[in-house]
Structures are given as structure tokens and as C-alpha cells.
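**Student:** Next up is a structure, given as C-alpha cells.
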Amino acid sequence: ADPLAEKFVQEVVEVIGYPKARAMLDQALQDGVSSLASAPDALFDLFADLEEDPSWVNWREIEHGAKVFRRFGSAVFKFAGAITLQGYFENSVAKALILSGGYEGDTTRNRFLETASFWIDVSEPGALRFGEKGRSAAMRVRIMHVFVRRRLQEHPEWNTEAWGVPISQGDAALTLMGGSVAPGLAMQAMGFRPSRRDIEALLQFWRYVGHVMGVRPRWYPNTVEEALQLAFVSFVKGARQAGDEGVRLSQSYANSFAPPPGLPPRERLRASIDYGLHLGYTRFFLPAGTYRANDLPAAGLWGLHPLLQFPFVFAAESLRRRVPGLDKIADRVARRQRKRWFDRMRRGHTASFAPPETLAR
């Protein structure tokens with residue numbers, strides 16, 4: 001799993017309490033661990049691990065990959081939410097979410113938007129450098145995962161022999177693929193035009209995000225071919241035995257964007273459109289068999305929406321690639337668009353990346 005972060009939780013958080021440990025962590029993230037007068041060894045070890053970049057780190061490629069990810073705007077968030085449902089067939093994923101309660105019922109929308117906030121934070125220009133917002137968000141999520149992992153391992157329903165440790169290196173590595181090679185290939189159906197170099201930069205960008213989060217699998221793909229090999233192996237080895245719990249999670253995600261009762265007519269119209277868009281992306285990008293197996297709501301004509309954007313996106317992408325100066329303008333436009341989407345969707349909710357105090361059951 002993540003021995004360094006687990007040591008910090010065991011030796012610091014469980015001794016002085018979460019609020020004090022969180023304040024200590026935040027100060028170290030902002031001003032450096034040396035700014036703490038008497039920082040515990042576990043905190044020093046956690047930060048020392050990140051002080052020197054591994055030999056594979058290429059900051060130009062990492063920033064390039066972040067820019068490619070930004071180029072997709074908010075479309076990549078809806079895409080990532082949709083393909084995540086494919087993972088709900090596996091007990092190692094579904095059981096963790098069911099027991100923690102993070103993606104079921106009323107919490108689903110907020111948890112998804114916390115994840116979208118994380119995606120925005122880590123992919124802003126320079127966001128993964130020391131003291132920047134993205135690096136801090138990645139570290140906070142890393143610590144949150146330790147809390148969830150420990151509680152799940154202690155739960156009588158968790159079957160370590162069958163599923164491995166919760167939030168394992170393997171499952172986490174596949175999540176990194178979901179943000180890199182998956183959108184790099186699939187979103188070409190919407191008209192985006194990432195090159196092979198763009199997709200491989202995406203791989204490096206998400207590899208470094210994972211590095212900060214303690215996700216360091218023994219083997220990480222560097223090329224599109226290697227990433228597809230990993231995807232194939234994960235498909236072949238899948239047990240697909242989550243059953244009804246996986247279905248519940250998928251339906252909870254789809255239904256979480258339905259307009260809540262009591263909205264004024266204008267807001268209800270906007271919420272209805274957003275709901276249709278999310279269903280449309282889910283229907284378009286999720287395999288038809290998965291959509292049917294989870295008995296998800298009919299998307300109707302919304303299922304064509306991603307494809308209908310193709311001529312407009314393709315034209316804009318072609319201009320961006322050919323006209324000098326348009327690439328920077330397109331980047332600014334994409335950044336503003338995804339932030340506007342997030343501000344509209346969150347309805348006042350703020351991402352905290354705090355661990356749940358108790359499990360759902």
C-alpha cells in the first residue's frame with residue numbers, strides 16, 4: 001500500500017489527533033517541513049521522500065501532460081466519471097466504496113465533485129511544484145486514503161485474501177490510466193486531437209501525481225502500447241463479482257445529477273440539462289453491455305451529444321494546432337470553462353479531502 005503515509009498516520013495522527021496533525025501537514029506543505037520547530041520523524045520521512053525527483057521525472061513532459069489534460073475542459077470529468085463505472089464490477093473497488101459510503105446515496109455528487117476539484121488543482125500550470133495547490137491536494141488525498149484503508153482492513157466484510165489491500169497499488173495505477181491513455185484515445189471521438197506525444201506526456205503527468213500520492217507500482221507504462229497492454233491484462237484478470245453492490249454504485253452515480261426538488265424554473269432547466277449531459281456521456285463512453293447490466297436510466301438523444309460536438313471540437317483543435325498563438329488562448333479558455341462548470345455544479349460545496357469519521361456500515 002503506502003508505508004510512509006501509514007507510518008505518519010500511526011505515529012502522528014493517532015497520537016496527537018487529526019486536527020493538529022492536519023495543521024502540521026498543511027504548514028509543511030506550504031512552508032516546508034523545516035518550518036516546524038519539532039516535526040516528528042514520520043513527517044520528515046514523508047517529505048524527504050519527495051525532495052529528490054526520481055530519474056524518470058521530466059518536468060517539461062509533466063507540464064505538457066497537464067496542459068493536454070486541461071485542453072479537454074470539463075468534458076474529461078464527465079468521461080472519467082462514466083468509465084469509472086466499469087471498475088465497479090470488481091469487489092476491491094466496489095466494496096471499498098460501499099463500506100466507506102463515499103459514492104452511494106446523497107454523498108455521490110459531492111464526492112464526484114471533490115474528485116473533479118482535485119483534477120483541477122493538480123493540472124493547473126505549475127500546480128505540482130513545492131508549495132503549490134495541486135501538490136498539497138495530492139498529499140491530503142494520500143493521507144485520507146490511509147484512513148480509509150486502515151478502517152476497511154479492520155472491517156469484517158473486507159476479504160484481504162481475495163481482494164488484496166484496499167486502495168492498492170494495482171487499483172490506484174489503473175486509476176492513473178483512466179486519466180491518461182483512456183481519455184487520450186477515447187476523446188478523439190469528440191474531435192479532440194491529442195498526438196502520440198501528447199498521450200505519453202499525459203502518462204508522465206499522472207505518473208507524477210501518483211508519485212506524490214504514494215502510488216508507485218513496480219511497472220508503469222511509458223508508451224501507448226504498454227498502457228494498452230496493462231489495460232488488457234487488467235481486463236483479463238478481472239473477477240467481476242461485485243454484483244448488486246456494483247449496480248447500486250453505478251445507479252447512484254447516474255441518479256446523483258438529477259435535479260433536486262424545489263429548484264426555481266430557470267435553475268431546474270439548467271440542472272436538467274446537466275443531468276442529460278452526464279447521462280449522455282455515460283451512455284456514449286461506457287460499453288453498452290455495462291450500461292445495460294447496471295440498469296442505468298435511458299439517455300435518449302443525450303447519448304449522441306458527445307459525438308455531435310465532433311465537428312466543432314475538431315475544427316477548433318485544428319486551428320489551435322496550425323495558428324501560432326492560439327494554443328495559449330485555447331488553454332486559457334479551457335481553464336475558465338472547467339472552473340465555471342465546477343462552480344455551477346458544486347452549489348456551495350467545498351472540497352475538504354478529509355477522511356470519513358466512520359464507515360457507512
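Residues are referred to by chain and number: the chain letter is A, B, ... according to the order shown in the C-alpha cells, the number counts from 1 in that chain, and ligands are numbered separately from 1 in the order shown.
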Quick one: residues within 12 Å of Thr108 of chain A, only C-alpha atoms, excluding same-chain residues fewer than 6 positions away - as number ranges by chain?

**Tutor:** A: 81, 97-98, 100-102, 114-115, 248-258

**Student:** Check which residues of segment 175-278 of chain A sit at most 8 Å from segment 42-60 of chain A using only C-alpha atoms, and return one row each with the closest pair of atoms and their distance in Å to one decimal, ordered by chain and rising number, as a Markdown table.

**Tutor:**
| residue | atom | partner | partner_atom | distance |
| --- | --- | --- | --- | --- |
| A:Gln204 | CA | A:Val57 | CA | 7.8 |
| A:Tyr208 | CA | A:Val57 | CA | 7.5 |
| A:Val212 | CA | A:Leu50 | CA | 7.0 |

**Student:** Just write the chosen residues, C-alpha atoms, as a PDB file, in the first residue's frame.

**Tutor:**
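Output file result_19.pdb follows:
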ATOM      1  CA  GLN A 204       4.017  11.067 -17.274  1.00  0.00           C
ATOM      2  CA  TYR A 208       3.993  12.111 -11.097  1.00  0.00           C
ATOM      3  CA  VAL A 212       3.174  12.385  -4.793  1.00  0.00           C
TER       4      VAL A 212
END

**Student:** Can you tell me which residues surround Ile120 of chain A at a distance of at most 10 Å, considering only C-alpha atoms, apart from same-chain residues fewer than 5 positions away, and format the answer as a VMD selection string?

**Tutor:** chain A and resid 66 69 to 70 73 to 74 77 114 to 115 127 133 to 134 335 338 to 339 342

**Student:** How would the residues just picked look written out with N, CA, C and O atoms as an mmCIF file, in the first residue's frame?

**Tutor:**
data_model
loop_
_atom_site.group_PDB
_atom_site.id
_atom_site.type_symbol
_atom_site.label_atom_id
_atom_site.label_comp_id
_atom_site.auth_asym_id
_atom_site.auth_seq_id
_atom_site.Cartn_x
_atom_site.Cartn_y
_atom_site.Cartn_z
ATOM 1 N N ALA A 66 -0.081 17.971 -18.239
ATOM 2 C CA ALA A 66 -1.119 18.726 -17.528
ATOM 3 C C ALA A 66 -1.880 19.632 -18.488
ATOM 4 O O ALA A 66 -3.110 19.782 -18.392
ATOM 5 N N PHE A 69 -4.305 17.602 -20.496
ATOM 6 C CA PHE A 69 -5.471 17.275 -19.674
ATOM 7 C C PHE A 69 -6.403 18.480 -19.567
ATOM 8 O O PHE A 69 -7.629 18.336 -19.658
ATOM 9 N N ARG A 70 -5.844 19.688 -19.389
ATOM 10 C CA ARG A 70 -6.663 20.895 -19.316
ATOM 11 C C ARG A 70 -7.417 21.136 -20.623
ATOM 12 O O ARG A 70 -8.533 21.673 -20.618
ATOM 13 N N GLY A 73 -11.043 20.296 -21.022
ATOM 14 C CA GLY A 73 -12.053 21.033 -20.279
ATOM 15 C C GLY A 73 -12.825 20.150 -19.315
ATOM 16 O O GLY A 73 -12.310 19.157 -18.790
ATOM 17 N N SER A 74 -14.095 20.486 -19.088
ATOM 18 C CA SER A 74 -14.911 19.686 -18.167
ATOM 19 C C SER A 74 -15.380 18.390 -18.803
ATOM 20 O O SER A 74 -15.889 17.506 -18.102
ATOM 21 N N PHE A 77 -14.011 15.346 -17.212
ATOM 22 C CA PHE A 77 -14.560 14.961 -15.911
ATOM 23 C C PHE A 77 -15.747 14.023 -16.101
ATOM 24 O O PHE A 77 -15.875 13.005 -15.410
ATOM 25 N N GLU A 114 -15.655 16.570 -5.440
ATOM 26 C CA GLU A 114 -14.363 16.654 -4.756
ATOM 27 C C GLU A 114 -13.263 16.096 -5.649
ATOM 28 O O GLU A 114 -12.157 16.644 -5.714
ATOM 29 N N THR A 115 -13.567 15.003 -6.334
ATOM 30 C CA THR A 115 -12.590 14.427 -7.257
ATOM 31 C C THR A 115 -12.315 15.386 -8.411
ATOM 32 O O THR A 115 -11.164 15.566 -8.825
ATOM 33 N N ALA A 127 1.204 23.383 -10.879
ATOM 34 C CA ALA A 127 0.472 23.018 -9.665
ATOM 35 C C ALA A 127 1.153 21.951 -8.831
ATOM 36 O O ALA A 127 0.852 21.807 -7.640
ATOM 37 N N LYS A 133 -0.858 24.406 -4.966
ATOM 38 C CA LYS A 133 -2.135 23.834 -4.550
ATOM 39 C C LYS A 133 -2.304 22.377 -4.958
ATOM 40 O O LYS A 133 -2.844 21.561 -4.201
ATOM 41 N N GLY A 134 -1.862 22.029 -6.164
ATOM 42 C CA GLY A 134 -2.040 20.666 -6.632
ATOM 43 C C GLY A 134 -1.239 19.659 -5.833
ATOM 44 O O GLY A 134 -1.722 18.572 -5.506
ATOM 45 N N ARG A 335 -9.337 26.408 -19.261
ATOM 46 C CA ARG A 335 -9.235 26.550 -17.802
ATOM 47 C C ARG A 335 -10.437 27.299 -17.237
ATOM 48 O O ARG A 335 -10.995 26.905 -16.202
ATOM 49 N N ARG A 338 -13.725 24.999 -17.401
ATOM 50 C CA ARG A 338 -13.877 23.936 -16.405
ATOM 51 C C ARG A 338 -14.120 24.513 -15.014
ATOM 52 O O ARG A 338 -14.823 23.914 -14.197
ATOM 53 N N LYS A 339 -13.565 25.692 -14.722
ATOM 54 C CA LYS A 339 -13.817 26.312 -13.421
ATOM 55 C C LYS A 339 -15.250 26.808 -13.327
ATOM 56 O O LYS A 339 -15.895 26.706 -12.274
ATOM 57 N N PHE A 342 -17.375 23.797 -12.684
ATOM 58 C CA PHE A 342 -17.276 23.332 -11.307
ATOM 59 C C PHE A 342 -18.040 24.245 -10.360
ATOM 60 O O PHE A 342 -18.764 23.771 -9.470
#

**Student:** Between atom CA of Glu226 of chain A and atom CA of Arg320 of chain A, what is the distance in Å, rounded to a tenth?

**Tutor:**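 Atom-to-atom, atom CA of Glu226 of chain A and atom CA of Arg320 of chain A are spaced 28.8 Å apart.
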
**Student:** Which residues come within 10 Å of Thr175 of chain A, counting only C-alpha atoms, excluding same-chain residues fewer than 4 positions away, as a tab-separated table (two decimals) with C-alpha atoms, in the first residue's frame?

**Tutor:**
chain	number	residue	atom	x	y	z
A	80	ALA	CA	-13.79	9.88	-16.26
A	84	THR	CA	-15.17	4.60	-13.53
A	87	GLY	CA	-14.44	-0.66	-12.28
A	169	GLN	CA	-1.04	-0.06	-5.84
A	170	GLY	CA	-2.68	-2.06	-8.62
A	171	ASP	CA	-6.11	-0.41	-8.41
A	179	GLY	CA	-6.83	9.94	-16.55
A	180	SER	CA	-4.18	9.50	-19.21
A	182	ALA	CA	-8.05	6.38	-21.72
A	206	TRP	CA	-0.38	11.25	-13.99
A	210	GLY	CA	0.63	9.21	-8.39

**Student:** Please provide the set of residues having any atom within 12 Å of Pro261 of chain A, restricted to only C-alpha atoms, with same-chain residues fewer than 5 positions apart removed, written as a short mmCIF file (atom, residue, chain, number, x, y, z; two decimals) with N, CA, C and O atoms, in the first residue's frame.

**Tutor:**
data_model
loop_
_atom_site.label_atom_id
_atom_site.label_comp_id
_atom_site.auth_asym_id
_atom_site.auth_seq_id
_atom_site.Cartn_x
_atom_site.Cartn_y
_atom_site.Cartn_z
N GLU A 267 -33.24 27.47 -12.75
CA GLU A 267 -32.22 26.57 -12.22
C GLU A 267 -32.56 25.11 -12.51
O GLU A 267 -31.67 24.29 -12.77
N ARG A 268 -33.85 24.80 -12.46
CA ARG A 268 -34.25 23.42 -12.75
C ARG A 268 -33.94 23.07 -14.21
O ARG A 268 -33.51 21.94 -14.50
N LEU A 269 -34.14 24.02 -15.12
CA LEU A 269 -33.82 23.77 -16.52
C LEU A 269 -32.33 23.51 -16.70
O LEU A 269 -31.94 22.56 -17.38
N ALA A 271 -30.25 22.46 -14.39
CA ALA A 271 -29.92 21.18 -13.74
C ALA A 271 -30.37 20.01 -14.61
O ALA A 271 -29.70 18.97 -14.66
N SER A 272 -31.51 20.14 -15.29
CA SER A 272 -32.00 19.08 -16.17
C SER A 272 -31.06 18.87 -17.34
O SER A 272 -30.81 17.73 -17.77
#

**Student:** Measuring atom to atom with only C-alpha atoms, identify which of A:Met24, A:Val93, A:Ile16, A:Val33 is nearest to Phe130 of chain A.

**Tutor:**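 Smallest separation from Phe130 of chain A among the options: A:Val33.
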
**Student:** How far is it from atom CA of Asn294 of chain A to atom CA of Ala96 of chain A, in Å with one decimal?

**Tutor:**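 Interatomic distance here is 18.3 Å.
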
**Student:** Please identify which residues in segment 203-329 of chain A DSSP calls helix (DSSP H, G or I) from the backbone, and express them as a count of residues only.

**Tutor:** 89

**Student:** Go through A:Leu128, A:Leu279, A:Leu202, A:Val9 and flag the residue nearest Pro297 of chain A, using only C-alpha atoms for the distances.

**Tutor:**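 With only C-alpha atoms as the atom set, the closest residue is A:Leu279.
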
**Student:** By how many Å are atom CA of Ser168 of chain A and atom CA of Ala1 of chain A apart?

**Tutor:** 5.4 Å

**Student:** Looking at A:Asn222, A:Asn110, A:Ser318, A:Ser117, which one is nearest to Arg193 of chain A, with distances taken over only C-alpha atoms?

**Tutor:** A:Ser318
